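J.: My structure is stored as query.cif, with mmCIF, N, CA and C atoms.
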```
data_work
loop_
_atom_site.label_atom_id
_atom_site.label_comp_id
_atom_site.auth_asym_id
_atom_site.auth_seq_id
_atom_site.Cartn_x
_atom_site.Cartn_y
_atom_site.Cartn_z
N MET P 1 5.08 -0.09 -54.11
CA MET P 1 6.39 0.15 -53.52
C MET P 1 6.60 -0.84 -52.40
N LYS P 2 7.77 -1.44 -52.34
CA LYS P 2 8.10 -2.38 -51.28
C LYS P 2 8.93 -1.68 -50.21
N ILE P 3 8.81 -2.19 -48.99
CA ILE P 3 9.64 -1.69 -47.91
C ILE P 3 10.94 -2.47 -47.95
N THR P 4 12.04 -1.78 -48.07
CA THR P 4 13.32 -2.45 -48.16
C THR P 4 13.76 -2.97 -46.80
N PRO P 5 14.50 -4.06 -46.79
CA PRO P 5 15.01 -4.60 -45.53
C PRO P 5 16.01 -3.64 -44.90
N ILE P 6 16.16 -3.74 -43.60
CA ILE P 6 17.16 -2.94 -42.91
C ILE P 6 18.30 -3.86 -42.47
N SER P 7 19.50 -3.31 -42.38
CA SER P 7 20.67 -4.10 -42.00
C SER P 7 20.75 -4.27 -40.49
N ASN P 8 20.51 -3.19 -39.77
CA ASN P 8 20.55 -3.19 -38.31
C ASN P 8 19.46 -2.26 -37.81
N GLY P 9 18.76 -2.69 -36.78
CA GLY P 9 17.73 -1.83 -36.22
C GLY P 9 16.57 -2.61 -35.66
N THR P 10 15.40 -1.98 -35.67
CA THR P 10 14.21 -2.55 -35.06
C THR P 10 13.02 -2.44 -36.00
N ALA P 11 12.25 -3.51 -36.05
CA ALA P 11 10.96 -3.48 -36.75
C ALA P 11 9.88 -3.71 -35.71
N ILE P 12 8.81 -2.97 -35.81
CA ILE P 12 7.66 -3.14 -34.93
C ILE P 12 6.51 -3.59 -35.83
N ASP P 13 6.10 -4.83 -35.63
CA ASP P 13 5.09 -5.45 -36.49
C ASP P 13 3.82 -5.68 -35.68
N HIS P 14 2.75 -5.98 -36.37
CA HIS P 14 1.44 -6.28 -35.77
C HIS P 14 0.87 -5.12 -34.96
N ILE P 15 1.10 -3.92 -35.46
CA ILE P 15 0.50 -2.73 -34.87
C ILE P 15 -0.91 -2.64 -35.45
N PRO P 16 -1.94 -2.44 -34.64
CA PRO P 16 -3.29 -2.31 -35.20
C PRO P 16 -3.33 -1.23 -36.28
N GLY P 17 -4.10 -1.49 -37.35
CA GLY P 17 -4.20 -0.58 -38.48
C GLY P 17 -4.52 0.84 -38.06
N GLY P 18 -3.72 1.77 -38.54
CA GLY P 18 -3.94 3.18 -38.26
C GLY P 18 -3.15 3.74 -37.09
N LEU P 19 -2.40 2.90 -36.36
CA LEU P 19 -1.69 3.38 -35.18
C LEU P 19 -0.19 3.58 -35.38
N ALA P 20 0.32 3.33 -36.59
CA ALA P 20 1.76 3.45 -36.84
C ALA P 20 2.27 4.86 -36.53
N LEU P 21 1.50 5.87 -36.88
CA LEU P 21 1.96 7.23 -36.63
C LEU P 21 2.00 7.54 -35.13
N LYS P 22 1.11 6.93 -34.37
CA LYS P 22 1.14 7.10 -32.91
C LYS P 22 2.37 6.39 -32.33
N VAL P 23 2.72 5.24 -32.87
CA VAL P 23 3.94 4.55 -32.45
C VAL P 23 5.14 5.44 -32.77
N CYS P 24 5.15 6.07 -33.93
CA CYS P 24 6.24 6.99 -34.29
C CYS P 24 6.31 8.17 -33.33
N ARG P 25 5.16 8.64 -32.90
CA ARG P 25 5.13 9.74 -31.93
C ARG P 25 5.75 9.29 -30.61
N ILE P 26 5.42 8.07 -30.17
CA ILE P 26 6.02 7.52 -28.95
C ILE P 26 7.54 7.48 -29.08
N LEU P 27 8.02 7.12 -30.26
CA LEU P 27 9.46 7.00 -30.50
C LEU P 27 10.12 8.32 -30.87
N ASP P 28 9.34 9.41 -30.83
CA ASP P 28 9.83 10.75 -31.12
C ASP P 28 10.32 10.88 -32.56
N ILE P 29 9.64 10.21 -33.45
CA ILE P 29 9.94 10.29 -34.88
C ILE P 29 8.89 11.20 -35.51
N PRO P 30 9.22 12.17 -36.28
CA PRO P 30 10.51 12.48 -36.90
C PRO P 30 11.32 13.50 -36.13
N GLU P 31 10.86 13.93 -34.95
CA GLU P 31 11.57 14.98 -34.21
C GLU P 31 12.96 14.56 -33.77
N ALA P 32 13.14 13.26 -33.46
CA ALA P 32 14.45 12.79 -33.02
C ALA P 32 15.45 13.01 -34.15
N GLU P 33 16.62 13.49 -33.78
CA GLU P 33 17.63 13.71 -34.81
C GLU P 33 18.14 12.36 -35.28
N THR P 34 17.93 12.07 -36.54
CA THR P 34 18.37 10.80 -37.09
C THR P 34 18.71 10.98 -38.55
N HIS P 35 19.62 10.16 -38.99
CA HIS P 35 19.97 10.12 -40.41
C HIS P 35 19.75 8.71 -40.92
N SER P 36 18.99 7.95 -40.18
CA SER P 36 18.72 6.55 -40.50
C SER P 36 17.41 6.41 -41.25
N SER P 37 17.31 5.32 -41.96
CA SER P 37 16.09 5.02 -42.71
C SER P 37 14.95 4.65 -41.77
N ILE P 38 13.77 5.20 -42.05
CA ILE P 38 12.57 4.87 -41.29
C ILE P 38 11.49 4.52 -42.30
N SER P 39 10.88 3.35 -42.14
CA SER P 39 9.81 2.92 -43.05
C SER P 39 8.53 2.75 -42.25
N ILE P 40 7.43 3.24 -42.80
CA ILE P 40 6.12 3.11 -42.16
C ILE P 40 5.17 2.54 -43.20
N ALA P 41 4.55 1.44 -42.85
CA ALA P 41 3.52 0.86 -43.73
C ALA P 41 2.23 0.83 -42.93
N MET P 42 1.16 1.30 -43.55
CA MET P 42 -0.12 1.36 -42.86
C MET P 42 -1.17 0.58 -43.64
N TYR P 43 -2.04 -0.05 -42.91
CA TYR P 43 -3.14 -0.84 -43.47
C TYR P 43 -2.65 -1.90 -44.45
N VAL P 44 -1.62 -2.63 -44.03
CA VAL P 44 -1.10 -3.74 -44.81
C VAL P 44 -1.98 -4.95 -44.55
N SER P 45 -2.31 -5.69 -45.58
CA SER P 45 -3.15 -6.87 -45.44
C SER P 45 -2.46 -7.89 -44.52
N SER P 46 -3.24 -8.48 -43.62
CA SER P 46 -2.71 -9.45 -42.66
C SER P 46 -3.73 -10.57 -42.45
N LYS P 47 -3.29 -11.80 -42.56
CA LYS P 47 -4.19 -12.94 -42.32
C LYS P 47 -4.66 -12.95 -40.87
N LYS P 48 -3.76 -12.64 -39.98
CA LYS P 48 -4.03 -12.70 -38.54
C LYS P 48 -4.91 -11.54 -38.05
N MET P 49 -4.68 -10.33 -38.60
CA MET P 49 -5.33 -9.14 -38.06
C MET P 49 -6.31 -8.47 -39.03
N GLY P 50 -6.35 -8.92 -40.25
CA GLY P 50 -7.13 -8.22 -41.26
C GLY P 50 -6.27 -7.15 -41.90
N PHE P 51 -5.96 -6.11 -41.13
CA PHE P 51 -5.04 -5.06 -41.55
C PHE P 51 -4.13 -4.73 -40.38
N LYS P 52 -2.91 -4.37 -40.70
CA LYS P 52 -1.94 -4.03 -39.66
C LYS P 52 -1.04 -2.92 -40.17
N ASP P 53 -0.29 -2.34 -39.24
CA ASP P 53 0.74 -1.35 -39.56
C ASP P 53 2.09 -1.93 -39.19
N LEU P 54 3.14 -1.35 -39.74
CA LEU P 54 4.50 -1.80 -39.51
C LEU P 54 5.41 -0.58 -39.51
N VAL P 55 6.37 -0.54 -38.58
CA VAL P 55 7.36 0.54 -38.52
C VAL P 55 8.74 -0.11 -38.45
N LYS P 56 9.65 0.35 -39.31
CA LYS P 56 11.04 -0.13 -39.31
C LYS P 56 11.97 1.06 -39.11
N ILE P 57 12.92 0.89 -38.18
CA ILE P 57 13.83 1.98 -37.87
C ILE P 57 15.26 1.44 -37.95
N GLU P 58 16.02 1.97 -38.87
CA GLU P 58 17.41 1.55 -39.04
C GLU P 58 18.26 2.10 -37.90
N ASP P 59 19.21 1.29 -37.44
CA ASP P 59 20.22 1.69 -36.46
C ASP P 59 19.66 2.16 -35.12
N ARG P 60 18.58 1.53 -34.67
CA ARG P 60 18.02 1.90 -33.36
C ARG P 60 17.39 0.70 -32.69
N GLU P 61 17.72 0.52 -31.41
CA GLU P 61 17.03 -0.46 -30.58
C GLU P 61 16.20 0.32 -29.56
N LEU P 62 15.05 -0.21 -29.24
CA LEU P 62 14.12 0.51 -28.37
C LEU P 62 14.51 0.38 -26.91
N LYS P 63 14.20 1.42 -26.16
CA LYS P 63 14.38 1.38 -24.71
C LYS P 63 13.15 0.72 -24.09
N ARG P 64 13.30 0.18 -22.90
CA ARG P 64 12.21 -0.50 -22.20
C ARG P 64 10.99 0.41 -22.06
N LYS P 65 11.21 1.67 -21.72
CA LYS P 65 10.11 2.61 -21.55
C LYS P 65 9.34 2.81 -22.85
N GLU P 66 10.04 2.82 -23.98
CA GLU P 66 9.39 2.96 -25.28
C GLU P 66 8.54 1.72 -25.58
N VAL P 67 9.07 0.55 -25.28
CA VAL P 67 8.32 -0.70 -25.50
C VAL P 67 7.07 -0.72 -24.63
N ASP P 68 7.19 -0.27 -23.37
CA ASP P 68 6.03 -0.23 -22.48
C ASP P 68 4.95 0.72 -23.01
N LYS P 69 5.35 1.85 -23.56
CA LYS P 69 4.38 2.78 -24.14
C LYS P 69 3.69 2.16 -25.35
N ILE P 70 4.47 1.49 -26.18
CA ILE P 70 3.90 0.83 -27.35
C ILE P 70 2.90 -0.24 -26.91
N ALA P 71 3.24 -0.99 -25.86
CA ALA P 71 2.35 -2.05 -25.36
C ALA P 71 1.00 -1.49 -24.93
N LEU P 72 0.95 -0.26 -24.45
CA LEU P 72 -0.30 0.34 -24.01
C LEU P 72 -1.26 0.60 -25.17
N ILE P 73 -0.72 0.92 -26.36
CA ILE P 73 -1.61 1.19 -27.49
C ILE P 73 -1.66 0.05 -28.50
N ALA P 74 -0.66 -0.84 -28.45
CA ALA P 74 -0.60 -1.98 -29.38
C ALA P 74 -0.15 -3.23 -28.62
N PRO P 75 -1.04 -3.77 -27.76
CA PRO P 75 -0.63 -4.87 -26.87
C PRO P 75 -0.27 -6.18 -27.58
N ASN P 76 -0.52 -6.29 -28.87
CA ASN P 76 -0.16 -7.50 -29.61
C ASN P 76 0.98 -7.27 -30.59
N ALA P 77 1.66 -6.15 -30.45
CA ALA P 77 2.78 -5.82 -31.35
C ALA P 77 3.94 -6.78 -31.12
N THR P 78 4.73 -6.93 -32.16
CA THR P 78 5.94 -7.75 -32.11
C THR P 78 7.13 -6.83 -32.37
N ILE P 79 8.17 -6.95 -31.53
CA ILE P 79 9.40 -6.20 -31.70
C ILE P 79 10.43 -7.16 -32.30
N ILE P 80 11.04 -6.74 -33.40
CA ILE P 80 12.02 -7.58 -34.09
C ILE P 80 13.34 -6.82 -34.15
N ILE P 81 14.38 -7.42 -33.59
CA ILE P 81 15.72 -6.83 -33.60
C ILE P 81 16.50 -7.45 -34.75
N ILE P 82 17.09 -6.60 -35.57
CA ILE P 82 17.82 -7.06 -36.74
C ILE P 82 19.27 -6.60 -36.64
N LYS P 83 20.20 -7.57 -36.83
CA LYS P 83 21.63 -7.26 -36.84
C LYS P 83 22.25 -7.96 -38.04
N ASP P 84 23.01 -7.21 -38.80
CA ASP P 84 23.65 -7.74 -40.01
C ASP P 84 22.63 -8.44 -40.91
N THR P 85 21.51 -7.82 -41.12
CA THR P 85 20.39 -8.27 -41.96
C THR P 85 19.69 -9.54 -41.46
N GLU P 86 20.07 -10.04 -40.29
CA GLU P 86 19.45 -11.24 -39.72
C GLU P 86 18.59 -10.88 -38.51
N VAL P 87 17.46 -11.56 -38.37
CA VAL P 87 16.63 -11.39 -37.18
C VAL P 87 17.35 -12.07 -36.02
N THR P 88 17.72 -11.29 -35.01
CA THR P 88 18.42 -11.87 -33.86
C THR P 88 17.51 -12.06 -32.66
N LYS P 89 16.40 -11.33 -32.65
CA LYS P 89 15.47 -11.44 -31.52
C LYS P 89 14.09 -11.02 -31.99
N LYS P 90 13.10 -11.77 -31.56
CA LYS P 90 11.72 -11.47 -31.90
C LYS P 90 10.91 -11.67 -30.63
N MET P 91 10.18 -10.65 -30.21
CA MET P 91 9.43 -10.77 -28.96
C MET P 91 8.11 -10.03 -29.04
N GLN P 92 7.13 -10.58 -28.39
CA GLN P 92 5.83 -9.92 -28.23
C GLN P 92 6.00 -8.87 -27.15
N VAL P 93 5.39 -7.72 -27.34
CA VAL P 93 5.37 -6.76 -26.24
C VAL P 93 4.50 -7.36 -25.15
N SER P 94 4.75 -6.97 -23.94
CA SER P 94 3.89 -7.44 -22.85
C SER P 94 3.53 -6.25 -21.98
N LEU P 95 2.30 -6.29 -21.53
CA LEU P 95 1.85 -5.20 -20.65
C LEU P 95 2.50 -5.35 -19.29
N PRO P 96 3.13 -4.29 -18.82
CA PRO P 96 3.66 -4.36 -17.46
C PRO P 96 2.51 -4.29 -16.46
N LYS P 97 2.75 -4.73 -15.23
CA LYS P 97 1.71 -4.65 -14.20
C LYS P 97 1.55 -3.22 -13.71
N LYS P 98 2.64 -2.47 -13.78
CA LYS P 98 2.62 -1.06 -13.38
C LYS P 98 3.39 -0.26 -14.41
N VAL P 99 2.97 0.98 -14.62
CA VAL P 99 3.72 1.90 -15.45
C VAL P 99 4.02 3.14 -14.63
N MET P 100 5.27 3.56 -14.71
CA MET P 100 5.72 4.72 -13.96
C MET P 100 6.31 5.75 -14.92
N GLU P 101 5.94 7.01 -14.72
CA GLU P 101 6.45 8.13 -15.52
C GLU P 101 6.11 8.01 -17.00
N ILE P 102 5.09 7.23 -17.33
CA ILE P 102 4.69 7.07 -18.73
C ILE P 102 3.37 7.78 -18.98
N VAL P 103 2.52 7.80 -17.98
CA VAL P 103 1.18 8.36 -18.10
C VAL P 103 0.99 9.43 -17.02
N LYS P 104 0.28 10.47 -17.38
CA LYS P 104 -0.02 11.55 -16.43
C LYS P 104 -1.47 11.40 -15.97
N CYS P 105 -1.69 11.53 -14.66
CA CYS P 105 -3.03 11.43 -14.11
C CYS P 105 -3.87 12.63 -14.56
N SER P 106 -5.11 12.34 -14.93
CA SER P 106 -6.00 13.40 -15.40
C SER P 106 -6.66 14.16 -14.25
N ASN P 107 -6.49 13.69 -13.02
CA ASN P 107 -7.06 14.35 -11.85
C ASN P 107 -6.14 15.49 -11.41
N PRO P 108 -6.56 16.75 -11.59
CA PRO P 108 -5.69 17.87 -11.22
C PRO P 108 -5.38 17.91 -9.73
N ASN P 109 -6.21 17.26 -8.91
CA ASN P 109 -5.98 17.25 -7.46
C ASN P 109 -5.14 16.06 -7.00
N CYS P 110 -4.75 15.19 -7.91
CA CYS P 110 -3.92 14.04 -7.55
C CYS P 110 -2.56 14.52 -7.06
N ILE P 111 -2.03 13.85 -6.07
CA ILE P 111 -0.73 14.24 -5.52
C ILE P 111 0.38 14.17 -6.56
N SER P 112 0.20 13.32 -7.57
CA SER P 112 1.23 13.21 -8.62
C SER P 112 1.28 14.46 -9.50
N ASN P 113 0.28 15.33 -9.39
CA ASN P 113 0.24 16.58 -10.16
C ASN P 113 0.51 17.82 -9.28
N LYS P 114 1.01 17.62 -8.08
CA LYS P 114 1.16 18.72 -7.12
C LYS P 114 2.61 19.07 -6.81
N ASN P 115 3.53 18.85 -7.74
CA ASN P 115 4.94 19.17 -7.54
C ASN P 115 5.54 18.50 -6.31
N GLU P 116 5.04 17.34 -5.98
CA GLU P 116 5.61 16.55 -4.89
C GLU P 116 6.74 15.70 -5.47
N PRO P 117 7.66 15.26 -4.62
CA PRO P 117 8.79 14.45 -5.12
C PRO P 117 8.39 12.99 -5.37
N ILE P 118 7.38 12.80 -6.18
CA ILE P 118 6.93 11.45 -6.56
C ILE P 118 6.74 11.42 -8.07
N VAL P 119 6.69 10.23 -8.61
CA VAL P 119 6.44 10.07 -10.04
C VAL P 119 5.06 9.46 -10.23
N SER P 120 4.50 9.70 -11.41
CA SER P 120 3.19 9.10 -11.68
C SER P 120 3.34 7.58 -11.72
N GLU P 121 2.31 6.90 -11.22
CA GLU P 121 2.34 5.45 -11.18
C GLU P 121 0.92 4.93 -11.37
N PHE P 122 0.78 3.98 -12.27
CA PHE P 122 -0.51 3.40 -12.60
C PHE P 122 -0.44 1.90 -12.58
N SER P 123 -1.49 1.27 -12.06
CA SER P 123 -1.60 -0.18 -12.20
C SER P 123 -2.32 -0.45 -13.51
N VAL P 124 -1.91 -1.52 -14.18
CA VAL P 124 -2.47 -1.88 -15.47
C VAL P 124 -3.46 -3.01 -15.26
N GLU P 125 -4.69 -2.77 -15.67
CA GLU P 125 -5.74 -3.78 -15.58
C GLU P 125 -6.09 -4.19 -16.99
N ASN P 126 -5.92 -5.48 -17.28
CA ASN P 126 -6.11 -5.96 -18.64
C ASN P 126 -7.32 -6.88 -18.70
N GLY P 127 -8.43 -6.34 -19.12
CA GLY P 127 -9.64 -7.12 -19.35
C GLY P 127 -9.91 -7.13 -20.83
N SER P 128 -11.13 -6.85 -21.23
CA SER P 128 -11.45 -6.78 -22.65
C SER P 128 -10.75 -5.58 -23.28
N GLU P 129 -10.42 -4.57 -22.47
CA GLU P 129 -9.61 -3.45 -22.93
C GLU P 129 -8.68 -3.04 -21.80
N ILE P 130 -7.59 -2.41 -22.15
CA ILE P 130 -6.59 -2.02 -21.17
C ILE P 130 -7.09 -0.81 -20.39
N LYS P 131 -6.98 -0.90 -19.07
CA LYS P 131 -7.34 0.24 -18.21
C LYS P 131 -6.18 0.53 -17.28
N LEU P 132 -5.93 1.81 -17.08
CA LEU P 132 -4.88 2.24 -16.17
C LEU P 132 -5.52 2.96 -15.00
N LYS P 133 -5.07 2.59 -13.79
CA LYS P 133 -5.64 3.17 -12.57
C LYS P 133 -4.52 3.81 -11.76
N CYS P 134 -4.67 5.08 -11.45
CA CYS P 134 -3.68 5.81 -10.67
C CYS P 134 -3.58 5.18 -9.27
N VAL P 135 -2.36 4.89 -8.83
CA VAL P 135 -2.20 4.27 -7.51
C VAL P 135 -2.41 5.27 -6.38
N TYR P 136 -2.39 6.57 -6.67
CA TYR P 136 -2.56 7.59 -5.64
C TYR P 136 -4.02 7.98 -5.44
N CYS P 137 -4.72 8.29 -6.52
CA CYS P 137 -6.09 8.77 -6.37
C CYS P 137 -7.13 7.77 -6.90
N GLU P 138 -6.67 6.68 -7.50
CA GLU P 138 -7.50 5.59 -8.01
C GLU P 138 -8.39 5.99 -9.19
N ARG P 139 -8.07 7.09 -9.85
CA ARG P 139 -8.81 7.49 -11.05
C ARG P 139 -8.31 6.68 -12.24
N PHE P 140 -9.25 6.27 -13.09
CA PHE P 140 -8.89 5.55 -14.31
C PHE P 140 -8.57 6.54 -15.42
N VAL P 141 -7.63 6.18 -16.26
CA VAL P 141 -7.29 6.99 -17.42
C VAL P 141 -8.43 6.88 -18.42
N GLU P 142 -8.90 8.00 -18.91
CA GLU P 142 -10.02 7.99 -19.85
C GLU P 142 -9.53 7.96 -21.29
N ASP P 143 -8.51 8.73 -21.61
CA ASP P 143 -7.99 8.79 -22.97
C ASP P 143 -6.50 8.48 -22.92
N MET P 144 -6.16 7.24 -23.28
CA MET P 144 -4.78 6.78 -23.20
C MET P 144 -3.83 7.68 -23.98
N MET P 145 -4.18 8.02 -25.22
CA MET P 145 -3.28 8.81 -26.06
C MET P 145 -3.07 10.22 -25.51
N GLU P 146 -4.08 10.78 -24.89
CA GLU P 146 -3.94 12.10 -24.31
C GLU P 146 -3.14 12.08 -23.02
N SER P 147 -3.10 10.94 -22.34
CA SER P 147 -2.45 10.86 -21.03
C SER P 147 -1.00 10.42 -21.09
N ILE P 148 -0.58 9.83 -22.20
CA ILE P 148 0.82 9.38 -22.30
C ILE P 148 1.73 10.58 -22.26
N VAL P 149 2.79 10.47 -21.46
CA VAL P 149 3.79 11.53 -21.35
C VAL P 149 4.74 11.36 -22.53
N TRP P 150 4.76 12.34 -23.40
CA TRP P 150 5.61 12.25 -24.61
C TRP P 150 6.93 12.83 -24.29
#
```
What would the structure in this file look like if it were written as structure tokens?

T.:
Amino acid sequence: MKITPISNGTAIDHIPGGLALKVCRILDIPEAETHSSISIAMYVSSKKMGFKDLVKIEDRELKRKEVDKIALIAPNATIIIIKDTEVTKKMQVSLPKKVMEIVKCSNPNCISNKNEPIVSEFSVENGSEIKLKCVYCERFVEDMMESIVW
């Protein structure tokens, strides 16, 4: 079965194999009310990556916060904007230096978890693997998928 092209919308390419469903969770698919076509391909052969996943969403452009969340789990993903069946924009996701209101601190004693009028904030450290450090209590995120605010 082939994935059909979309007329207008967004394709997310170069997702590491097996993470397409997590990208869909970030985008609130299938819970989001939509009548648009959504295509998910998993473990597609790739010269560059060995295997990759791909998600195509008709009639939707991603918000910056959604792209930032995707960058945390798929830092080499490519976002492709399609209008009138033509690629109008193609960009690599990039890790922000800080993420706000995207991740919840795992430290129950952190001020960000104490009903204070502040939002969660993490600095992004990019070495051999991505690490997030709470700017308030300096605790590192241990499980990225468990800490993302959905």

J.: What is the atom C of Phe122 in chain P-atom C of Leu95 in chain P distance in Å, reported with one decimal?

T.: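 Separation of atom C of Phe122 in chain P and atom C of Leu95 in chain P: 10.3 Å.
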
J.: Which residues, named as in the file, does the PyMOL selection byres (((chain P and resi 141 and name CA) around 10) and name CA) pick out? Answer as a ChimeraX atom specification.

T.: /P:103-107,122,130-134,138-140,142-148

J.: Please, could you write that set of residues out with N, CA and C atoms as a tab-separated table (two decimals), in the frame of the given file?

T.:
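Generated file (part01.tsv):
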```tsv
chain	number	residue	atom	x	y	z
P	103	VAL	N	2.52	7.80	-17.98
P	103	VAL	CA	1.18	8.36	-18.10
P	103	VAL	C	0.99	9.43	-17.02
P	104	LYS	N	0.28	10.47	-17.38
P	104	LYS	CA	-0.02	11.55	-16.43
P	104	LYS	C	-1.47	11.40	-15.97
P	105	CYS	N	-1.69	11.53	-14.66
P	105	CYS	CA	-3.03	11.43	-14.11
P	105	CYS	C	-3.87	12.63	-14.56
P	106	SER	N	-5.11	12.34	-14.93
P	106	SER	CA	-6.00	13.40	-15.40
P	106	SER	C	-6.66	14.16	-14.25
P	107	ASN	N	-6.49	13.69	-13.02
P	107	ASN	CA	-7.06	14.35	-11.85
P	107	ASN	C	-6.14	15.49	-11.41
P	122	PHE	N	0.78	3.98	-12.27
P	122	PHE	CA	-0.51	3.40	-12.60
P	122	PHE	C	-0.44	1.90	-12.58
P	130	ILE	N	-7.59	-2.41	-22.15
P	130	ILE	CA	-6.59	-2.02	-21.17
P	130	ILE	C	-7.09	-0.81	-20.39
P	131	LYS	N	-6.98	-0.90	-19.07
P	131	LYS	CA	-7.34	0.24	-18.21
P	131	LYS	C	-6.18	0.53	-17.28
P	132	LEU	N	-5.93	1.81	-17.08
P	132	LEU	CA	-4.88	2.24	-16.17
P	132	LEU	C	-5.52	2.96	-15.00
P	133	LYS	N	-5.07	2.59	-13.79
P	133	LYS	CA	-5.64	3.17	-12.57
P	133	LYS	C	-4.52	3.81	-11.76
P	134	CYS	N	-4.67	5.08	-11.45
P	134	CYS	CA	-3.68	5.81	-10.67
P	134	CYS	C	-3.58	5.18	-9.27
P	138	GLU	N	-6.67	6.68	-7.50
P	138	GLU	CA	-7.50	5.59	-8.01
P	138	GLU	C	-8.39	5.99	-9.19
P	139	ARG	N	-8.07	7.09	-9.85
P	139	ARG	CA	-8.81	7.49	-11.05
P	139	ARG	C	-8.31	6.68	-12.24
P	140	PHE	N	-9.25	6.27	-13.09
P	140	PHE	CA	-8.89	5.55	-14.31
P	140	PHE	C	-8.57	6.54	-15.42
P	142	GLU	N	-8.90	8.00	-18.91
P	142	GLU	CA	-10.02	7.99	-19.85
P	142	GLU	C	-9.53	7.96	-21.29
P	143	ASP	N	-8.51	8.73	-21.61
P	143	ASP	CA	-7.99	8.79	-22.97
P	143	ASP	C	-6.50	8.48	-22.92
P	144	MET	N	-6.16	7.24	-23.28
P	144	MET	CA	-4.78	6.78	-23.20
P	144	MET	C	-3.83	7.68	-23.98
P	145	MET	N	-4.18	8.02	-25.22
P	145	MET	CA	-3.28	8.81	-26.06
P	145	MET	C	-3.07	10.22	-25.51
P	146	GLU	N	-4.08	10.78	-24.89
P	146	GLU	CA	-3.94	12.10	-24.31
P	146	GLU	C	-3.14	12.08	-23.02
P	147	SER	N	-3.10	10.94	-22.34
P	147	SER	CA	-2.45	10.86	-21.03
P	147	SER	C	-1.00	10.42	-21.09
P	148	ILE	N	-0.58	9.83	-22.20
P	148	ILE	CA	0.82	9.38	-22.30
P	148	ILE	C	1.73	10.58	-22.26
```

J.: Here's a test: counting only C-alpha atoms, identify every protein, DNA and RNA residue with an atom at most 10 Å from (6.5, 2.3, -30.1) in the file's coordinate frame, and state them as a PyMOL selection string.

T.: chain P and resi 11-12+15+19-29+55+62-63+65-74+77+79+93

J.: Select from chain P everything DSSP, run on the backbone, classes as strand (DSSP E), then give the selection as a PyMOL selection string.

T.: chain P and resi 9-16+38-46+50-58+78-83+86-92+98-100+121-126+130-134

J.: DSSP on the backbone: what in chain P comes out alpha helix (DSSP H), as a list in words?

T.: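 Residues meeting the alpha helix (DSSP H) criterion: Ala20, Leu21, Lys22, Val23, Cys24, Arg25, Ile26, Arg64, Lys65, Glu66, Val67, Asp68, Lys69, Ile70, Ala71, Leu72, Ile73, Met144, Met145, Glu146 and Ser147 of chain P.
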
J.: For the PyMOL selection byres (((chain P and resi 53 and name CA) around 7) and name CA), applied here, can you spell out every residue it catches as a list in words?

T.: Asp13, His14, Ile15, Pro16, Gly17, Gly18, Leu19, Ala20, Ala41, Met42, Tyr43, Val44, Lys52, Leu54 and Val55 of chain P

J.: Quick one, how far is CA of Glu125 in chain P from CA of Ile102 in chain P?

T.: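 Separating CA of Glu125 in chain P from CA of Ile102 in chain P is a distance of 15.4 Å.
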
J.: Since I can't run it myself right now, could you work out what the PyMOL selection byres ((chain P and resi 39) around 7) selects here and report it as a ChimeraX atom specification?

T.: /P:3,37-38,40-41,54-58

J.: Closest to Ser120 in chain P among P:Met100, P:Val87, P:Ser7, P:Pro108, using all atoms listed in the file?

T.: P:Met100

J.: Between CA of Lys2 in chain P and CA of Met91 in chain P, what is the distance in Å, rounded to a tenth?

T.: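 Taking CA of Lys2 in chain P as the start and CA of Met91 in chain P as the end point, the length is 23.9 Å.
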
J.: What's around Val119 in chain P at 6.5 Å? Count all atoms listed in the file, leave out sequence neighbours fewer than 3 positions away in its own chain, and write the answer as a ChimeraX atom specification.

T.: /P:100-101,112,116

J.: From the options P:Ile80, P:Val149, P:Cys137, P:Lys89, which residue's atoms come nearest to Ile111 in chain P, counting only N, CA and C atoms?

T.: P:Cys137
